[in-house]
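With mmCIF, C-alpha atoms inside, this is my_file_25.cif:
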```
data_protein
loop_
_atom_site.label_atom_id
_atom_site.label_comp_id
_atom_site.auth_asym_id
_atom_site.auth_seq_id
_atom_site.Cartn_x
_atom_site.Cartn_y
_atom_site.Cartn_z
CA MET A 17 -70.71 38.25 -15.52
CA LYS A 18 -73.20 35.44 -14.86
CA GLU A 19 -72.06 32.60 -12.62
CA VAL A 20 -72.64 28.86 -12.48
CA ASN A 21 -71.67 26.16 -9.97
CA ILE A 22 -70.23 23.00 -11.53
CA VAL A 23 -69.69 19.84 -9.49
CA PHE A 24 -67.58 16.73 -10.09
CA CYS A 25 -67.35 13.63 -7.87
CA THR A 26 -64.09 11.72 -8.17
CA ASP A 27 -61.23 9.81 -6.62
CA LYS A 28 -57.51 9.62 -7.38
CA ASN A 29 -58.12 7.24 -10.29
CA TYR A 30 -60.24 9.73 -12.24
CA ALA A 31 -59.08 13.14 -10.99
CA LYS A 32 -56.26 13.06 -13.55
CA TYR A 33 -58.90 13.35 -16.30
CA LEU A 34 -60.56 16.47 -14.89
CA PRO A 35 -58.24 19.14 -16.40
CA PRO A 36 -59.28 18.50 -20.04
CA LEU A 37 -62.95 18.46 -19.03
CA ILE A 38 -62.57 21.71 -17.10
CA GLU A 39 -60.75 23.34 -19.99
CA SER A 40 -63.43 22.22 -22.43
CA ILE A 41 -66.01 23.95 -20.24
CA LEU A 42 -64.04 27.16 -19.80
CA ARG A 43 -63.30 27.48 -23.50
CA ASN A 44 -67.01 27.19 -24.30
CA THR A 45 -68.80 29.60 -21.97
CA THR A 46 -69.01 33.26 -21.02
CA TYR A 47 -70.06 32.32 -17.47
CA LYS A 48 -67.88 32.62 -14.42
CA CYS A 49 -67.52 29.04 -13.24
CA LYS A 50 -67.13 27.89 -9.67
CA PHE A 51 -65.91 24.30 -9.81
CA VAL A 52 -66.47 22.04 -6.82
CA VAL A 53 -64.45 18.83 -6.75
CA VAL A 54 -65.98 16.35 -4.30
CA TYR A 55 -63.43 13.60 -3.72
CA SER A 56 -62.61 10.65 -1.49
CA THR A 57 -58.93 10.52 -2.52
CA ILE A 58 -56.79 12.70 -4.76
CA ASN A 59 -53.08 13.03 -5.55
CA ASP A 60 -51.31 16.32 -4.88
CA GLU A 61 -50.07 16.51 -8.46
CA ASP A 62 -53.56 16.05 -9.90
CA ARG A 63 -54.92 18.68 -7.50
CA LYS A 64 -52.25 21.12 -8.71
CA LYS A 65 -53.08 20.41 -12.37
CA ILE A 66 -56.75 21.07 -11.74
CA ILE A 67 -55.97 24.34 -9.95
CA ARG A 68 -53.56 25.39 -12.69
CA THR A 69 -56.14 24.72 -15.41
CA VAL A 70 -58.80 26.76 -13.61
CA THR A 71 -56.52 29.67 -12.75
CA ASP A 72 -55.39 29.95 -16.38
CA PHE A 73 -58.91 31.28 -16.93
CA LYS A 74 -58.88 34.11 -14.40
CA TRP A 75 -62.65 34.50 -14.07
CA SER A 76 -63.16 31.08 -12.46
CA GLU A 77 -62.31 29.28 -9.21
CA VAL A 78 -62.19 25.79 -7.74
CA GLU A 79 -62.91 24.30 -4.31
CA PHE A 80 -62.11 20.79 -3.09
CA ILE A 81 -64.42 18.99 -0.65
CA LYS A 82 -63.33 15.69 0.88
CA PHE A 83 -66.24 13.30 1.29
CA GLU A 84 -66.01 9.58 1.97
CA ASN A 85 -69.57 8.52 1.32
CA ILE A 86 -68.77 4.94 2.31
CA LYS A 87 -68.85 6.16 5.94
CA LEU A 88 -72.46 7.30 5.77
CA LEU A 89 -73.60 3.97 7.18
CA ASP A 90 -72.09 2.52 10.33
CA ASN A 91 -69.49 -0.21 9.92
CA ASN A 92 -69.27 0.46 6.15
CA GLU A 93 -72.54 -1.40 5.63
CA ILE A 94 -73.09 0.46 2.38
CA SER A 95 -70.73 -2.04 0.74
CA LYS A 96 -73.32 -4.73 1.40
CA TYR A 97 -75.83 -2.90 -0.76
CA ALA A 98 -73.83 -0.72 -3.18
CA SER A 99 -71.28 -2.27 -5.49
CA SER A 100 -68.40 -0.04 -6.58
CA PHE A 101 -68.50 1.53 -10.03
CA ARG A 102 -65.20 1.08 -11.91
CA GLY A 103 -63.41 0.56 -8.62
CA GLY A 104 -64.87 3.36 -6.50
CA TYR A 105 -67.96 4.64 -4.73
CA ASP A 106 -67.58 8.31 -5.63
CA ALA A 107 -70.43 8.26 -8.14
CA PHE A 108 -72.75 7.99 -5.13
CA SER A 109 -71.56 11.35 -3.80
CA ARG A 110 -73.91 13.18 -6.19
CA LEU A 111 -76.78 11.82 -4.11
CA PHE A 112 -75.62 13.86 -1.12
CA LEU A 113 -74.79 17.23 -2.65
CA THR A 114 -77.65 18.82 -0.69
CA GLU A 115 -75.80 17.93 2.51
CA LEU A 116 -72.40 19.06 1.22
CA LEU A 117 -73.11 22.30 -0.63
CA LEU A 118 -76.06 24.13 0.87
CA ASN A 119 -74.03 25.14 3.92
CA LYS A 120 -71.58 26.75 1.47
CA ASN A 121 -74.39 28.88 0.04
CA ILE A 122 -74.50 26.87 -3.18
CA LYS A 123 -78.21 26.63 -3.92
CA ASN A 124 -78.10 25.12 -7.40
CA CYS A 125 -75.51 23.43 -9.57
CA ILE A 126 -74.83 21.38 -12.64
CA TYR A 127 -73.21 18.00 -12.10
CA PHE A 128 -70.94 16.42 -14.75
CA ASP A 129 -69.58 12.89 -14.86
CA ILE A 130 -65.82 12.78 -15.43
CA ASP A 131 -66.23 11.05 -18.81
CA VAL A 132 -67.88 13.97 -20.59
CA ILE A 133 -66.38 16.68 -22.78
CA VAL A 134 -67.96 20.00 -23.72
CA LYS A 135 -67.97 20.50 -27.48
CA LYS A 136 -69.94 23.74 -28.00
CA ASN A 137 -70.99 26.85 -26.09
CA THR A 138 -72.76 25.94 -22.84
CA ASP A 139 -74.31 29.32 -22.00
CA GLU A 140 -77.80 28.13 -22.92
CA LEU A 141 -77.38 25.01 -20.78
CA PHE A 142 -76.06 27.00 -17.82
CA SER A 143 -78.94 29.47 -18.11
CA LEU A 144 -81.39 26.63 -17.45
CA VAL A 145 -79.99 25.82 -14.01
CA GLU A 146 -81.59 28.76 -12.20
CA ASN A 147 -85.08 27.76 -13.35
CA ILE A 148 -84.96 24.05 -12.50
CA LYS A 149 -87.48 23.23 -9.76
CA PHE A 150 -85.81 20.05 -8.52
CA LEU A 151 -83.64 18.11 -10.98
CA ALA A 152 -83.28 17.88 -14.76
CA GLY A 153 -81.50 15.53 -17.13
CA VAL A 154 -81.58 13.81 -20.52
CA VAL A 155 -83.76 10.79 -21.23
CA ASP A 156 -81.71 7.59 -21.21
CA SER A 157 -83.27 5.94 -24.27
CA VAL A 158 -80.80 3.04 -24.19
CA THR A 159 -81.75 1.98 -20.67
CA ILE A 160 -85.44 2.52 -21.40
CA LYS A 161 -85.12 0.28 -24.47
CA ASN A 162 -83.37 -2.44 -22.45
CA GLY A 163 -85.96 -2.20 -19.70
CA GLY A 164 -85.59 -2.81 -15.99
CA LYS A 165 -87.39 -2.73 -12.68
CA TRP A 166 -86.91 1.02 -12.16
CA VAL A 167 -87.28 2.19 -15.75
CA TYR A 168 -90.13 4.44 -16.88
CA ASP A 169 -90.82 6.93 -19.71
CA LYS A 170 -88.84 9.83 -18.19
CA TYR A 171 -85.94 7.73 -16.90
CA ILE A 172 -82.84 9.92 -17.21
CA ASN A 173 -79.12 9.40 -17.63
CA SER A 174 -77.26 10.69 -14.56
CA GLY A 175 -74.11 11.87 -16.38
CA VAL A 176 -75.31 15.48 -16.60
CA LEU A 177 -77.69 16.76 -13.92
CA LEU A 178 -79.12 20.21 -13.24
CA MET A 179 -79.94 20.39 -9.55
CA ASN A 180 -81.91 22.76 -7.34
CA LEU A 181 -80.30 21.82 -4.04
CA GLU A 182 -82.68 23.83 -1.85
CA ASN A 183 -85.78 22.15 -3.22
CA LEU A 184 -84.16 18.71 -3.23
CA LYS A 185 -83.32 19.24 0.43
CA SER A 186 -86.94 20.16 1.14
CA ILE A 187 -88.10 16.71 0.00
CA ASN A 188 -85.32 14.90 1.93
CA PHE A 189 -83.62 13.72 -1.26
CA ALA A 190 -80.44 12.43 0.41
CA GLU A 191 -82.30 10.51 3.10
CA LYS A 192 -84.57 8.90 0.52
CA CYS A 193 -81.54 7.90 -1.54
CA LEU A 194 -79.95 6.20 1.46
CA ASP A 195 -83.19 4.37 2.10
CA PHE A 196 -83.29 3.19 -1.52
CA ILE A 197 -79.70 1.91 -1.31
CA ILE A 198 -80.48 -0.12 1.81
CA LYS A 199 -83.74 -1.56 0.51
CA HIS A 200 -82.93 -2.12 -3.16
CA GLY A 201 -79.15 -2.04 -3.54
CA LYS A 202 -78.94 -5.75 -4.36
CA GLU A 203 -81.62 -5.50 -7.04
CA THR A 204 -79.97 -3.13 -9.52
CA SER A 205 -76.74 -2.73 -11.47
CA LEU A 206 -77.24 1.02 -12.08
CA LEU A 207 -77.72 1.82 -8.44
CA ASP A 208 -77.03 5.57 -8.27
CA GLN A 209 -78.88 6.27 -11.53
CA ASP A 210 -81.80 4.01 -10.61
CA CYS A 211 -81.85 5.66 -7.21
CA ILE A 212 -82.21 9.18 -8.64
CA ASN A 213 -84.97 8.09 -11.01
CA TYR A 214 -86.89 6.14 -8.38
CA VAL A 215 -86.68 8.73 -5.61
CA LEU A 216 -87.67 11.67 -7.82
CA GLY A 217 -89.77 10.01 -10.49
CA ASP A 218 -92.06 11.76 -12.95
CA LYS A 219 -93.19 14.28 -10.33
CA TYR A 220 -89.81 15.95 -9.77
CA ILE A 221 -87.72 15.21 -12.87
CA GLU A 222 -87.57 17.64 -15.79
CA LEU A 223 -86.18 16.80 -19.22
CA ILE A 224 -83.63 18.78 -21.21
CA ASP A 225 -82.46 18.37 -24.80
CA GLN A 226 -80.29 15.34 -25.50
CA LYS A 227 -77.61 17.57 -27.05
CA TYR A 228 -76.64 18.46 -23.46
CA ASN A 229 -75.72 14.84 -22.70
CA GLU A 230 -75.16 13.10 -26.02
CA TYR A 231 -74.18 9.48 -25.54
CA LEU A 232 -75.12 7.99 -28.93
CA PRO A 233 -72.19 7.96 -31.42
CA LYS A 234 -74.20 8.90 -34.51
CA THR A 235 -72.68 11.44 -36.89
CA GLN A 236 -75.46 14.05 -36.81
CA LYS A 237 -76.01 13.73 -33.07
CA VAL A 238 -72.30 14.21 -32.42
CA LYS A 239 -72.27 17.21 -34.74
CA ASP A 240 -75.15 18.85 -32.85
CA ALA A 241 -73.95 17.90 -29.37
CA VAL A 242 -73.03 20.49 -26.78
CA VAL A 243 -71.82 17.85 -24.31
CA LEU A 244 -70.48 14.46 -25.35
CA HIS A 245 -70.79 11.64 -22.82
CA PHE A 246 -68.48 8.69 -23.31
CA THR A 247 -70.65 5.96 -21.80
CA GLY A 248 -69.38 2.42 -21.81
CA PRO A 249 -65.86 1.08 -21.33
CA PHE A 250 -64.09 3.21 -23.95
CA LYS A 251 -63.06 6.67 -22.73
CA PRO A 252 -61.49 9.59 -24.61
CA TRP A 253 -58.16 9.15 -22.83
CA MET A 254 -57.86 5.56 -24.10
CA LYS A 255 -55.95 4.89 -27.31
CA GLU A 256 -58.24 1.97 -28.11
CA THR A 257 -61.29 4.25 -28.30
CA ARG A 258 -62.48 3.88 -31.88
CA TRP A 259 -64.90 6.80 -32.10
CA ARG A 260 -62.42 9.44 -33.25
CA LEU A 261 -64.51 12.42 -32.14
CA LYS A 262 -64.26 11.19 -28.57
CA LYS A 263 -60.57 12.04 -28.66
CA VAL A 264 -60.76 15.49 -30.20
CA PHE A 265 -60.76 17.65 -27.11
CA TRP A 266 -58.40 15.40 -25.20
CA VAL A 267 -55.79 16.02 -27.90
CA LYS A 268 -56.60 19.75 -28.04
CA TYR A 269 -56.12 19.96 -24.29
CA ASN A 270 -52.67 18.40 -24.56
CA LEU A 271 -51.80 20.85 -27.31
CA ALA A 272 -53.00 23.81 -25.21
CA SER A 273 -51.04 22.50 -22.21
CA LEU A 274 -47.90 22.15 -24.29
CA LEU A 275 -48.23 25.74 -25.50
CA ARG A 276 -48.88 27.02 -21.97
CA CYS A 277 -45.64 25.40 -20.84
CA LYS A 278 -43.99 27.78 -23.30
CA ASN A 279 -46.05 30.62 -21.82
CA ILE A 280 -48.15 30.81 -25.01
CA LYS A 281 -51.89 31.27 -24.42
CA LEU A 282 -54.22 31.20 -27.41
CA ASN A 283 -57.90 31.87 -27.98
CA ASN A 284 -60.17 29.15 -29.34
CA PHE A 285 -59.91 30.15 -32.99
CA VAL A 286 -56.12 30.17 -33.12
CA LEU A 287 -55.93 26.95 -31.08
CA ASP A 288 -58.36 25.29 -33.51
CA MET A 289 -56.26 26.36 -36.49
CA ILE A 290 -53.11 24.94 -34.92
CA PHE A 291 -54.99 21.78 -33.99
CA CYS A 292 -56.08 21.30 -37.60
CA VAL A 293 -52.48 21.48 -38.75
CA VAL A 294 -51.39 19.04 -36.04
CA ALA A 295 -54.23 16.67 -36.92
CA ILE A 296 -52.95 16.51 -40.50
CA LEU A 297 -49.51 15.58 -39.22
CA ARG A 298 -50.50 12.26 -37.71
CA PRO A 299 -47.11 11.34 -36.18
CA LEU A 300 -47.27 14.47 -34.03
CA LEU A 301 -50.88 13.75 -33.15
CA ASN A 302 -49.91 10.39 -31.69
CA LEU A 303 -47.27 12.04 -29.51
CA LEU A 304 -49.87 14.33 -27.99
CA ILE A 305 -52.19 11.54 -26.87
CA LYS A 306 -51.38 10.34 -23.36
#
```
Spit out the file's structure as structure tokens when you get a sec.
Amino acid sequence: MKEVNIVFCTDKNYAKYLPPLIESILRNTTYKCKFVVVYSTINDEDRKKIIRTVTDFKWSEVEFIKFENIKLLDNNEISKYASSFRGGYDAFSRLFLTELLLNKNIKNCIYFDIDVIVKKNTDELFSLVENIKFLAGVVDSVTIKNGGKWVYDKYINSGVLLMNLENLKSINFAEKCLDFIIKHGKETSLLDQDCINYVLGDKYIELIDQKYNEYLPKTQKVKDAVVLHFTGPFKPWMKETRWRLKKVFWVKYNLASLLRCKNIKLNNFVLDMIFCVVAILRPLLNLLIK
């Protein structure tokens, strides 16, 4: 069985949303997945839920790595340059995966933001990781359209990243990112994303198909998407999210969890059939949404 390393960076506020993301990955791949959860804080209950979700799929495993990136600079000076994103600094941890993972013999990985959900089979996406020279991602057409100091033609969205950690280490990626934060942190509102794009630029960044990080809520694009990325303030776990398809897997996860509590484990096809029935019965659907 082929293997892939999958990394998340989170804190206690977002770790609770990892189980449905992990399940969406595991239900849509034939790869053995090693999940690495890089965190600053996490609740015991959320840790247990993550472990339980992974172990339900016996071919995969999970490791937790505590990393408080705010301590990288003496006297917490990073706070002078890097504003928190939605209340935390954990998004910056992806900039230092070369320092965290290479000593664990993890030479390449795919990074996912917490606010993504896998919709279709990811085997093709995972197969790309081994051949990435440095880093790959999807063009961020929205940011390019809006413009900005650090924007250029191959400017990518940092929600899904394929990373060759060995080669990134060879060009001192982490050190260059720290330098960017210190020099330019006050000049950008998309600091970690701008940082990746500036440090690597056209020379080191490769592009992959947008279906692997689809962030535009257009019907055909959503239909073709392998990975949906819920950019903006509305997330799939929020009832006020209007784009219905953003909620689909979140509800399916709750349904699967409910069945597992009864010691009933179903394959994708049967789960989808049950989900369709539940979706028709809207009162029950509302009960399943947290």
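The two atoms in question, atom CA of A:Ile67 and atom CA of A:Asn137, are spaced 22.2 Å apart.
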Stretch 146-200 of chain A near stretch 214-226 of chain A within 10 Å: what's each residue's closest atom pair and its distance in Å to one decimal, counting all atoms listed in the file, ordered by chain then ascending residue number, as a tab-separated table?
```
residue	atom	partner	partner_atom	distance
A:Ile148	CA	A:Glu222	CA	7.7
A:Lys149	CA	A:Tyr220	CA	7.6
A:Phe150	CA	A:Tyr220	CA	5.9
A:Leu151	CA	A:Ile221	CA	5.4
A:Ala152	CA	A:Glu222	CA	4.4
A:Gly153	CA	A:Leu223	CA	5.3
A:Val154	CA	A:Gln226	CA	5.4
A:Val155	CA	A:Leu223	CA	6.8
A:Asp156	CA	A:Gln226	CA	9.0
A:Ser157	CA	A:Gln226	CA	9.9
A:Lys165	CA	A:Tyr214	CA	9.9
A:Trp166	CA	A:Tyr214	CA	6.4
A:Val167	CA	A:Tyr214	CA	8.4
A:Tyr168	CA	A:Gly217	CA	8.5
A:Asp169	CA	A:Asp218	CA	8.4
A:Lys170	CA	A:Asp218	CA	6.4
A:Tyr171	CA	A:Gly217	CA	7.8
A:Ile172	CA	A:Leu223	CA	7.9
A:Asn173	CA	A:Gln226	CA	9.9
A:Leu177	CA	A:Ile224	CA	9.6
A:Leu178	CA	A:Glu222	CA	9.2
A:Met179	CA	A:Ile221	CA	9.9
A:Asn183	CA	A:Tyr220	CA	9.9
A:Leu184	CA	A:Tyr220	CA	9.1
A:Ile187	CA	A:Leu216	CA	9.3
A:Asn188	CA	A:Val215	CA	9.8
A:Phe189	CA	A:Val215	CA	7.3
A:Ala190	CA	A:Val215	CA	9.4
A:Glu191	CA	A:Val215	CA	9.9
A:Lys192	CA	A:Val215	CA	6.5
A:Cys193	CA	A:Val215	CA	6.6
A:Asp195	CA	A:Val215	CA	9.5
A:Phe196	CA	A:Val215	CA	7.7
```
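When the PyMOL selection byres ((chain A and resi 231) around 10) is evaluated on the file shown here, the picked residues come out as A:Val132, A:Val154, A:Asp156, A:Ser157, A:Val158, A:Asn173, A:Gly175, A:Gln226, A:Lys227, A:Tyr228, A:Asn229, A:Glu230, A:Leu232, A:Pro233, A:Lys234, A:Lys237, A:Val238, A:Ala241, A:Val243, A:Leu244, A:His245, A:Phe246, A:Thr247, A:Gly248.
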Can I get the selected residues back with C-alpha atoms, as a CSV table (one decimal), in the coordinates of the input?
```
chain,number,residue,atom,x,y,z
A,132,VAL,CA,-67.9,14.0,-20.6
A,154,VAL,CA,-81.6,13.8,-20.5
A,156,ASP,CA,-81.7,7.6,-21.2
A,157,SER,CA,-83.3,5.9,-24.3
A,158,VAL,CA,-80.8,3.0,-24.2
A,173,ASN,CA,-79.1,9.4,-17.6
A,175,GLY,CA,-74.1,11.9,-16.4
A,226,GLN,CA,-80.3,15.3,-25.5
A,227,LYS,CA,-77.6,17.6,-27.0
A,228,TYR,CA,-76.6,18.5,-23.5
A,229,ASN,CA,-75.7,14.8,-22.7
A,230,GLU,CA,-75.2,13.1,-26.0
A,232,LEU,CA,-75.1,8.0,-28.9
A,233,PRO,CA,-72.2,8.0,-31.4
A,234,LYS,CA,-74.2,8.9,-34.5
A,237,LYS,CA,-76.0,13.7,-33.1
A,238,VAL,CA,-72.3,14.2,-32.4
A,241,ALA,CA,-74.0,17.9,-29.4
A,243,VAL,CA,-71.8,17.8,-24.3
A,244,LEU,CA,-70.5,14.5,-25.4
A,245,HIS,CA,-70.8,11.6,-22.8
A,246,PHE,CA,-68.5,8.7,-23.3
A,247,THR,CA,-70.6,6.0,-21.8
A,248,GLY,CA,-69.4,2.4,-21.8
```
| message | Given the point (-61.1, 20.8, -19.4) in the file's coordinates, find the residues that have an atom at most 9 Å from it, counting only C-alpha atoms, and give them as a list in words. | response | Tyr33, Leu34, Pro35, Pro36, Leu37, Ile38, Glu39, Ser40, Ile41, Leu42, Arg43, Ile66, Thr69, Val70, Ile133, Val134, Phe265, Trp266 and Tyr269 of chain A
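Going from atom CA of A:Asp131 over to atom CA of A:Glu19, you cover 23.2 Å.
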| message | Set the distance at 8 Å and use only C-alpha atoms: which residues neighbour stretch 116-118 of chain A once local chain neighbours fewer than 4 positions away are removed? I'd like the list as a list in words. | response |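 Non-adjacent residues within range: Phe112, Ile122, Lys123, Leu181 and Glu182 of chain A.
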Write the residues of the preceding selection, restricted to C-alpha atoms, as a PDB file, in the frame of the given file.
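Here's the written file result-v5.pdb:
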```pdb
ATOM      1  CA  PHE A 112     -75.620  13.860  -1.120  1.00  0.00           C
ATOM      2  CA  ILE A 122     -74.500  26.870  -3.180  1.00  0.00           C
ATOM      3  CA  LYS A 123     -78.210  26.630  -3.920  1.00  0.00           C
ATOM      4  CA  LEU A 181     -80.300  21.820  -4.040  1.00  0.00           C
ATOM      5  CA  GLU A 182     -82.680  23.830  -1.850  1.00  0.00           C
TER       6      GLU A 182
END
```
| request: With the file shown as input, list the residues that the PyMOL selection byres ((chain A and resi 109) around 9) selects, as a PyMOL selection string. | output: chain A and resi 25-26+54-55+83-85+105-108+110-113
| Expressed in Å to a single decimal, how great is the separation between atom CA of A:Ile198 and atom CA of A:Cys211? | 10.8 Å
| task | Kindly resolve the PyMOL selection byres ((chain A and resi 21) around 10) on the present coordinates and return the residues as JSON, numbers by chain. | result | {"A": [19, 20, 22, 23, 47, 48, 49, 50, 51, 52, 77, 78, 122, 123, 124, 125, 126, 127, 142, 145]}
Can I get a file of stretch 98-185 of chain A from the given structure, C-alpha atoms kept, as a PDB file, in the first residue's frame?
```pdb
ATOM      1  CA  ALA A  98       2.745  38.829  12.881  1.00  0.00           C
ATOM      2  CA  SER A  99      -0.891  39.426  13.703  1.00  0.00           C
ATOM      3  CA  SER A 100      -2.907  36.393  14.782  1.00  0.00           C
ATOM      4  CA  PHE A 101      -5.210  34.719  12.269  1.00  0.00           C
ATOM      5  CA  ARG A 102      -8.689  34.087  13.710  1.00  0.00           C
ATOM      6  CA  GLY A 103      -7.263  34.246  17.212  1.00  0.00           C
ATOM      7  CA  GLY A 104      -4.127  32.122  16.853  1.00  0.00           C
ATOM      8  CA  TYR A 105      -0.667  31.901  15.344  1.00  0.00           C
ATOM      9  CA  ASP A 106      -0.764  28.236  14.357  1.00  0.00           C
ATOM     10  CA  ALA A 107      -1.098  28.976  10.645  1.00  0.00           C
ATOM     11  CA  PHE A 108       2.540  30.083  10.792  1.00  0.00           C
ATOM     12  CA  SER A 109       3.653  26.603  11.855  1.00  0.00           C
ATOM     13  CA  ARG A 110       3.540  25.403   8.234  1.00  0.00           C
ATOM     14  CA  LEU A 111       6.527  27.666   7.596  1.00  0.00           C
ATOM     15  CA  PHE A 112       8.659  25.551   9.926  1.00  0.00           C
ATOM     16  CA  LEU A 113       7.747  21.999   8.954  1.00  0.00           C
ATOM     17  CA  THR A 114      11.285  21.438   7.670  1.00  0.00           C
ATOM     18  CA  GLU A 115      12.529  21.924  11.233  1.00  0.00           C
ATOM     19  CA  LEU A 116       9.806  19.778  12.807  1.00  0.00           C
ATOM     20  CA  LEU A 117       9.488  16.791  10.492  1.00  0.00           C
ATOM     21  CA  LEU A 118      12.779  15.986   8.808  1.00  0.00           C
ATOM     22  CA  ASN A 119      14.227  14.602  12.039  1.00  0.00           C
ATOM     23  CA  LYS A 120      11.252  12.217  12.083  1.00  0.00           C
ATOM     24  CA  ASN A 121      12.234  10.923   8.641  1.00  0.00           C
ATOM     25  CA  ILE A 122       9.321  12.685   6.958  1.00  0.00           C
ATOM     26  CA  LYS A 123      10.827  13.955   3.719  1.00  0.00           C
ATOM     27  CA  ASN A 124       7.699  15.166   1.958  1.00  0.00           C
ATOM     28  CA  CYS A 125       4.119  15.892   2.920  1.00  0.00           C
ATOM     29  CA  ILE A 126       0.856  17.475   1.946  1.00  0.00           C
ATOM     30  CA  TYR A 127      -0.417  20.259   4.176  1.00  0.00           C
ATOM     31  CA  PHE A 128      -4.158  20.951   4.579  1.00  0.00           C
ATOM     32  CA  ASP A 129      -5.827  23.913   6.239  1.00  0.00           C
ATOM     33  CA  ILE A 130      -8.474  22.890   8.769  1.00  0.00           C
ATOM     34  CA  ASP A 131     -11.272  24.467   6.708  1.00  0.00           C
ATOM     35  CA  VAL A 132     -11.063  22.062   3.778  1.00  0.00           C
ATOM     36  CA  ILE A 133     -13.038  18.911   3.049  1.00  0.00           C
ATOM     37  CA  VAL A 134     -12.119  16.147   0.606  1.00  0.00           C
ATOM     38  CA  LYS A 135     -14.951  15.451  -1.817  1.00  0.00           C
ATOM     39  CA  LYS A 136     -13.488  12.908  -4.275  1.00  0.00           C
ATOM     40  CA  ASN A 137     -10.691  10.356  -4.504  1.00  0.00           C
ATOM     41  CA  THR A 138      -7.320  11.928  -3.673  1.00  0.00           C
ATOM     42  CA  ASP A 139      -5.005   9.203  -5.001  1.00  0.00           C
ATOM     43  CA  GLU A 140      -3.979  11.307  -7.992  1.00  0.00           C
ATOM     44  CA  LEU A 141      -3.243  14.285  -5.739  1.00  0.00           C
ATOM     45  CA  PHE A 142      -1.241  12.169  -3.292  1.00  0.00           C
ATOM     46  CA  SER A 143       0.755  10.638  -6.148  1.00  0.00           C
ATOM     47  CA  LEU A 144       2.050  14.107  -7.052  1.00  0.00           C
ATOM     48  CA  VAL A 145       3.761  14.667  -3.704  1.00  0.00           C
ATOM     49  CA  GLU A 146       6.765  12.431  -4.378  1.00  0.00           C
ATOM     50  CA  ASN A 147       7.657  14.342  -7.556  1.00  0.00           C
ATOM     51  CA  ILE A 148       7.420  17.894  -6.213  1.00  0.00           C
ATOM     52  CA  LYS A 149      10.837  19.574  -6.277  1.00  0.00           C
ATOM     53  CA  PHE A 150      10.135  22.196  -3.621  1.00  0.00           C
ATOM     54  CA  LEU A 151       6.516  23.274  -3.105  1.00  0.00           C
ATOM     55  CA  ALA A 152       3.295  23.166  -5.117  1.00  0.00           C
ATOM     56  CA  GLY A 153      -0.122  24.751  -4.757  1.00  0.00           C
ATOM     57  CA  VAL A 154      -3.119  26.219  -6.580  1.00  0.00           C
ATOM     58  CA  VAL A 155      -3.098  29.698  -8.092  1.00  0.00           C
ATOM     59  CA  ASP A 156      -4.988  32.158  -5.886  1.00  0.00           C
ATOM     60  CA  SER A 157      -6.858  34.011  -8.637  1.00  0.00           C
ATOM     61  CA  VAL A 158      -8.869  36.063  -6.138  1.00  0.00           C
ATOM     62  CA  THR A 159      -5.795  37.552  -4.478  1.00  0.00           C
ATOM     63  CA  ILE A 160      -4.118  38.079  -7.851  1.00  0.00           C
ATOM     64  CA  LYS A 161      -7.208  39.949  -9.062  1.00  0.00           C
ATOM     65  CA  ASN A 162      -7.249  42.141  -5.945  1.00  0.00           C
ATOM     66  CA  GLY A 163      -3.543  42.834  -6.274  1.00  0.00           C
ATOM     67  CA  GLY A 164      -0.982  43.524  -3.585  1.00  0.00           C
ATOM     68  CA  LYS A 165       2.672  44.157  -2.920  1.00  0.00           C
ATOM     69  CA  TRP A 166       3.648  40.470  -2.964  1.00  0.00           C
ATOM     70  CA  VAL A 167       1.307  39.251  -5.702  1.00  0.00           C
ATOM     71  CA  TYR A 168       2.573  37.874  -9.013  1.00  0.00           C
ATOM     72  CA  ASP A 169       1.309  35.532 -11.766  1.00  0.00           C
ATOM     73  CA  LYS A 170       2.003  32.278  -9.892  1.00  0.00           C
ATOM     74  CA  TYR A 171       0.871  33.514  -6.478  1.00  0.00           C
ATOM     75  CA  ILE A 172      -0.669  30.490  -4.737  1.00  0.00           C
ATOM     76  CA  ASN A 173      -3.267  29.874  -2.053  1.00  0.00           C
ATOM     77  CA  SER A 174      -1.643  28.279   1.000  1.00  0.00           C
ATOM     78  CA  GLY A 175      -4.628  26.129   2.046  1.00  0.00           C
ATOM     79  CA  VAL A 176      -3.291  23.019   0.290  1.00  0.00           C
ATOM     80  CA  LEU A 177       0.468  22.649  -0.120  1.00  0.00           C
ATOM     81  CA  LEU A 178       2.604  19.811  -1.469  1.00  0.00           C
ATOM     82  CA  MET A 179       6.017  20.093   0.153  1.00  0.00           C
ATOM     83  CA  ASN A 180       9.413  18.534  -0.452  1.00  0.00           C
ATOM     84  CA  LEU A 181      10.864  19.151   2.995  1.00  0.00           C
ATOM     85  CA  GLU A 182      14.410  18.057   2.146  1.00  0.00           C
ATOM     86  CA  ASN A 183      14.748  20.488  -0.732  1.00  0.00           C
ATOM     87  CA  LEU A 184      13.036  23.295   1.170  1.00  0.00           C
ATOM     88  CA  LYS A 185      15.536  22.755   3.969  1.00  0.00           C
TER      89      LYS A 185
END
```
